[in-house]
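Note sheet for the following structure.
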Amino acid sequence: MLTPKELLKAGAHLLLGEYAAYYIYRSPARVQDAPATNCVRLLERSALESSDDDLIRAQLPYLGNEALAYGRFADERVAGICIYWYGDRYRTRNFWPLDAGEAKLVQIITTPAARGKGIATELIAASHAHLLSAGFRRAYARIWHSNTPSLRAFENAGWTRIALVVEINPLRLKRPLRLRFRARA
């Protein structure tokens with residue numbers, strides 16, 4: 001027998017279909033006290049290919065044209081990686097509109113041994129500083145609504161939550177409905 005809560009959840013799932021809920025974060029327009037570190041640097045494909053960490057190697061599909069990967073090193077090993085897409089590469093996803101000179105952070109990951117040490121925050125802030133020095137004006141990120149460690153890392157890196165995007169697929173439509181709710185300034 002289903003509880004009332006389970007029954008309500010099943011009814012909502014039947015009516016609304018699968019859902020996704022993401023917060024959109026925007027980077028600062030200029031560097032704000034980015035950590036002065038040489039531990040974060042632009043990565044070449046070979047750094048991922050030669051990694052002895054399966055999690056780092058698994059990020060290889062994110063690389064390619066119009067993609068920039070940054071790594072945070074600890075003891076000469078990649079402890080975290082973030083990857084930005086821009087231009088036509090990003091248009092294949094096109095979840096959030098980008099203007100010229102903007103990029104989207106599409107993947108960030110830290111190795112299990114590096115988690116909880118502030119590495120993601122440092123990686124976000126320092127890679128953003130690199131992006132700005134390369135001529136980009138701004139960056140965005142999409143974060144699952146309940147991913148508290150990522151939400152905290154972006155906020156600690158000085159990024160601002162600007163929207164909530166919810167996708168629902170009522171009655172299993174061909175394309176889900178995307179609702180955008182802008183955050184108040």
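Following the order of the structure tokens, chains are lettered A, B, ..., residues in each are numbered from 1, and ligands are numbered from 1.
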
Item to complete: Find the residues near A:His128: any atom within 12 Å, counting only C-alpha atoms, skip ones fewer than 5 places away on the same chain, and give them as a ChimeraX atom specification.
Response: /A:26-35,40-42,68-70,82-84,102-105,121-123,133-141,154,157-159

Could you write out the selected residues, including N, CA, C and O atoms, as a short mmCIF file (atom, residue, chain, number, x, y, z; two decimals), in the first residue's frame?
```cif
data_model
loop_
_atom_site.label_atom_id
_atom_site.label_comp_id
_atom_site.auth_asym_id
_atom_site.auth_seq_id
_atom_site.Cartn_x
_atom_site.Cartn_y
_atom_site.Cartn_z
N ARG A 26 26.59 32.85 -12.41
CA ARG A 26 27.35 33.74 -13.30
C ARG A 26 28.62 34.16 -12.57
O ARG A 26 28.60 34.49 -11.39
N SER A 27 29.71 34.16 -13.33
CA SER A 27 30.99 34.57 -12.76
C SER A 27 31.03 36.09 -12.58
O SER A 27 30.26 36.81 -13.21
N PRO A 28 31.92 36.56 -11.74
CA PRO A 28 32.12 38.01 -11.66
C PRO A 28 32.68 38.54 -12.98
O PRO A 28 33.31 37.79 -13.74
N ALA A 29 32.46 39.81 -13.25
CA ALA A 29 32.95 40.40 -14.50
C ALA A 29 34.45 40.64 -14.45
O ALA A 29 35.07 40.83 -15.49
N ARG A 30 35.01 40.63 -13.27
CA ARG A 30 36.47 40.79 -13.15
C ARG A 30 36.96 39.90 -12.01
O ARG A 30 36.19 39.43 -11.19
N VAL A 31 38.26 39.72 -11.97
CA VAL A 31 38.85 38.85 -10.95
C VAL A 31 38.67 39.49 -9.58
O VAL A 31 38.96 40.67 -9.39
N GLN A 32 38.16 38.69 -8.66
CA GLN A 32 37.98 39.15 -7.30
C GLN A 32 38.83 38.30 -6.37
O GLN A 32 38.43 37.21 -5.98
N ASP A 33 39.99 38.77 -6.06
CA ASP A 33 40.87 38.08 -5.13
C ASP A 33 41.08 36.61 -5.49
O ASP A 33 40.97 35.73 -4.64
N ALA A 34 41.34 36.36 -6.77
CA ALA A 34 41.60 34.98 -7.18
C ALA A 34 42.88 34.51 -6.50
O ALA A 34 43.82 35.28 -6.33
N PRO A 35 42.93 33.28 -6.08
CA PRO A 35 44.12 32.79 -5.39
C PRO A 35 45.34 32.87 -6.30
O PRO A 35 45.27 32.50 -7.47
N VAL A 40 46.96 25.74 -10.41
CA VAL A 40 45.90 25.65 -11.41
C VAL A 40 46.48 26.11 -12.74
O VAL A 40 47.00 27.22 -12.83
N ARG A 41 46.37 25.24 -13.73
CA ARG A 41 46.90 25.62 -15.04
C ARG A 41 46.10 24.95 -16.15
O ARG A 41 45.40 23.96 -15.93
N LEU A 42 46.23 25.54 -17.34
CA LEU A 42 45.59 25.01 -18.53
C LEU A 42 46.12 23.61 -18.79
O LEU A 42 47.33 23.36 -18.67
N LEU A 68 38.19 24.52 -23.13
CA LEU A 68 39.38 24.82 -22.34
C LEU A 68 39.30 24.02 -21.05
O LEU A 68 38.29 24.09 -20.35
N ALA A 69 40.35 23.27 -20.75
CA ALA A 69 40.39 22.47 -19.53
C ALA A 69 41.46 23.02 -18.61
O ALA A 69 42.58 23.33 -19.04
N TYR A 70 41.11 23.14 -17.34
CA TYR A 70 42.04 23.60 -16.32
C TYR A 70 42.15 22.52 -15.26
O TYR A 70 41.15 21.89 -14.90
N CYS A 82 38.34 21.32 -14.40
CA CYS A 82 37.11 21.96 -14.87
C CYS A 82 37.28 22.28 -16.35
O CYS A 82 38.38 22.54 -16.82
N ILE A 83 36.17 22.19 -17.06
CA ILE A 83 36.21 22.35 -18.51
C ILE A 83 35.14 23.35 -18.92
O ILE A 83 33.99 23.26 -18.49
N TYR A 84 35.56 24.31 -19.72
CA TYR A 84 34.67 25.34 -20.26
C TYR A 84 34.47 25.08 -21.75
O TYR A 84 35.41 24.71 -22.45
N GLU A 102 31.73 34.87 -24.01
CA GLU A 102 31.27 34.16 -22.81
C GLU A 102 31.50 32.66 -22.97
O GLU A 102 31.54 32.15 -24.09
N ALA A 103 31.66 31.99 -21.85
CA ALA A 103 31.88 30.54 -21.84
C ALA A 103 31.04 29.92 -20.75
O ALA A 103 30.56 30.61 -19.85
N LYS A 104 30.85 28.62 -20.85
CA LYS A 104 30.10 27.90 -19.82
C LYS A 104 30.97 26.81 -19.24
O LYS A 104 31.59 26.04 -19.98
N LEU A 105 31.05 26.78 -17.93
CA LEU A 105 31.75 25.72 -17.26
C LEU A 105 30.83 24.49 -17.32
O LEU A 105 29.78 24.47 -16.70
N THR A 121 36.73 25.16 -5.14
CA THR A 121 36.62 26.62 -5.07
C THR A 121 37.83 27.29 -5.69
O THR A 121 37.71 28.22 -6.48
N GLU A 122 39.01 26.80 -5.35
CA GLU A 122 40.24 27.36 -5.90
C GLU A 122 40.29 27.17 -7.42
O GLU A 122 40.67 28.08 -8.16
N LEU A 123 39.89 26.01 -7.88
CA LEU A 123 39.88 25.71 -9.31
C LEU A 123 38.92 26.62 -10.06
O LEU A 123 39.26 27.16 -11.12
N SER A 133 41.84 36.58 -18.48
CA SER A 133 43.11 37.02 -19.09
C SER A 133 43.23 36.55 -20.54
O SER A 133 43.99 37.12 -21.31
N ALA A 134 42.46 35.52 -20.92
CA ALA A 134 42.45 35.03 -22.30
C ALA A 134 41.46 35.80 -23.17
O ALA A 134 41.30 35.50 -24.35
N GLY A 135 40.76 36.78 -22.58
CA GLY A 135 39.86 37.62 -23.36
C GLY A 135 38.38 37.36 -23.19
O GLY A 135 37.56 38.03 -23.81
N PHE A 136 38.00 36.38 -22.39
CA PHE A 136 36.59 36.15 -22.14
C PHE A 136 36.06 37.21 -21.18
O PHE A 136 36.80 37.74 -20.35
N ARG A 137 34.77 37.53 -21.30
CA ARG A 137 34.16 38.55 -20.45
C ARG A 137 33.43 37.95 -19.24
O ARG A 137 33.34 38.58 -18.19
N ARG A 138 32.90 36.76 -19.40
CA ARG A 138 32.05 36.20 -18.36
C ARG A 138 31.94 34.70 -18.58
O ARG A 138 32.14 34.20 -19.68
N ALA A 139 31.55 33.99 -17.51
CA ALA A 139 31.31 32.55 -17.61
C ALA A 139 30.05 32.22 -16.81
O ALA A 139 29.65 32.97 -15.91
N TYR A 140 29.46 31.10 -17.16
CA TYR A 140 28.26 30.62 -16.49
C TYR A 140 28.45 29.15 -16.11
O TYR A 140 29.28 28.45 -16.69
N ALA A 141 27.64 28.69 -15.19
CA ALA A 141 27.65 27.28 -14.80
C ALA A 141 26.22 26.86 -14.47
O ALA A 141 25.41 27.67 -14.02
N PHE A 154 30.96 27.29 -5.85
CA PHE A 154 30.77 28.43 -6.75
C PHE A 154 30.55 29.72 -5.97
O PHE A 154 31.10 30.77 -6.32
N ALA A 157 33.69 30.95 -4.55
CA ALA A 157 34.58 31.48 -5.61
C ALA A 157 34.10 32.84 -6.13
O ALA A 157 34.70 33.40 -7.02
N GLY A 158 32.99 33.35 -5.57
CA GLY A 158 32.51 34.67 -5.94
C GLY A 158 31.48 34.69 -7.05
O GLY A 158 31.12 35.76 -7.54
N TRP A 159 30.99 33.54 -7.47
CA TRP A 159 29.96 33.49 -8.51
C TRP A 159 28.60 33.77 -7.88
O TRP A 159 28.40 33.54 -6.69
#
```

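Closest approach to A:Gly64 among A:Arg77, A:Arg142, A:Arg178, A:Arg45: A:Arg45, based on only C-alpha atoms.
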
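Here atom CA of A:Ile143 stands at a distance of 22.9 Å from atom CA of A:Asp54.
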
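As for atom CA of A:Leu15 and atom CA of A:Trp144, they are spaced 22.0 Å apart.
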
Item to complete: Could you give me, as a PyMOL selection string, each residue of chain A that DSSP assigns to strand (DSSP E) when run on this structure's backbone?
Response: chain A and resi 19-26+40-42+67-74+77-85+102-110+138-144+160-168+177-182

Worksheet item: Closest to A:Pro61 among A:Ile24, A:Val106, A:Met1, A:Ala10, using only C-alpha atoms?
Response: A:Val106

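Minimum atom-to-atom distances from A:Asn38, A:Thr92, A:Asn147, A:Thr160 to A:Ser127 were compared using only C-alpha atoms, and the lowest value belongs to A:Asn38.
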
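Nearest residue to A:Arg161 among A:Tyr86, A:Tyr62, A:Tyr25, A:Phe95 is A:Tyr25, counting only C-alpha atoms.
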
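Using only C-alpha atoms, the shortest contact distance between A:Pro170 and any of A:Ala153, A:Ile124, A:Leu14, A:Leu7 is found at A:Leu14.
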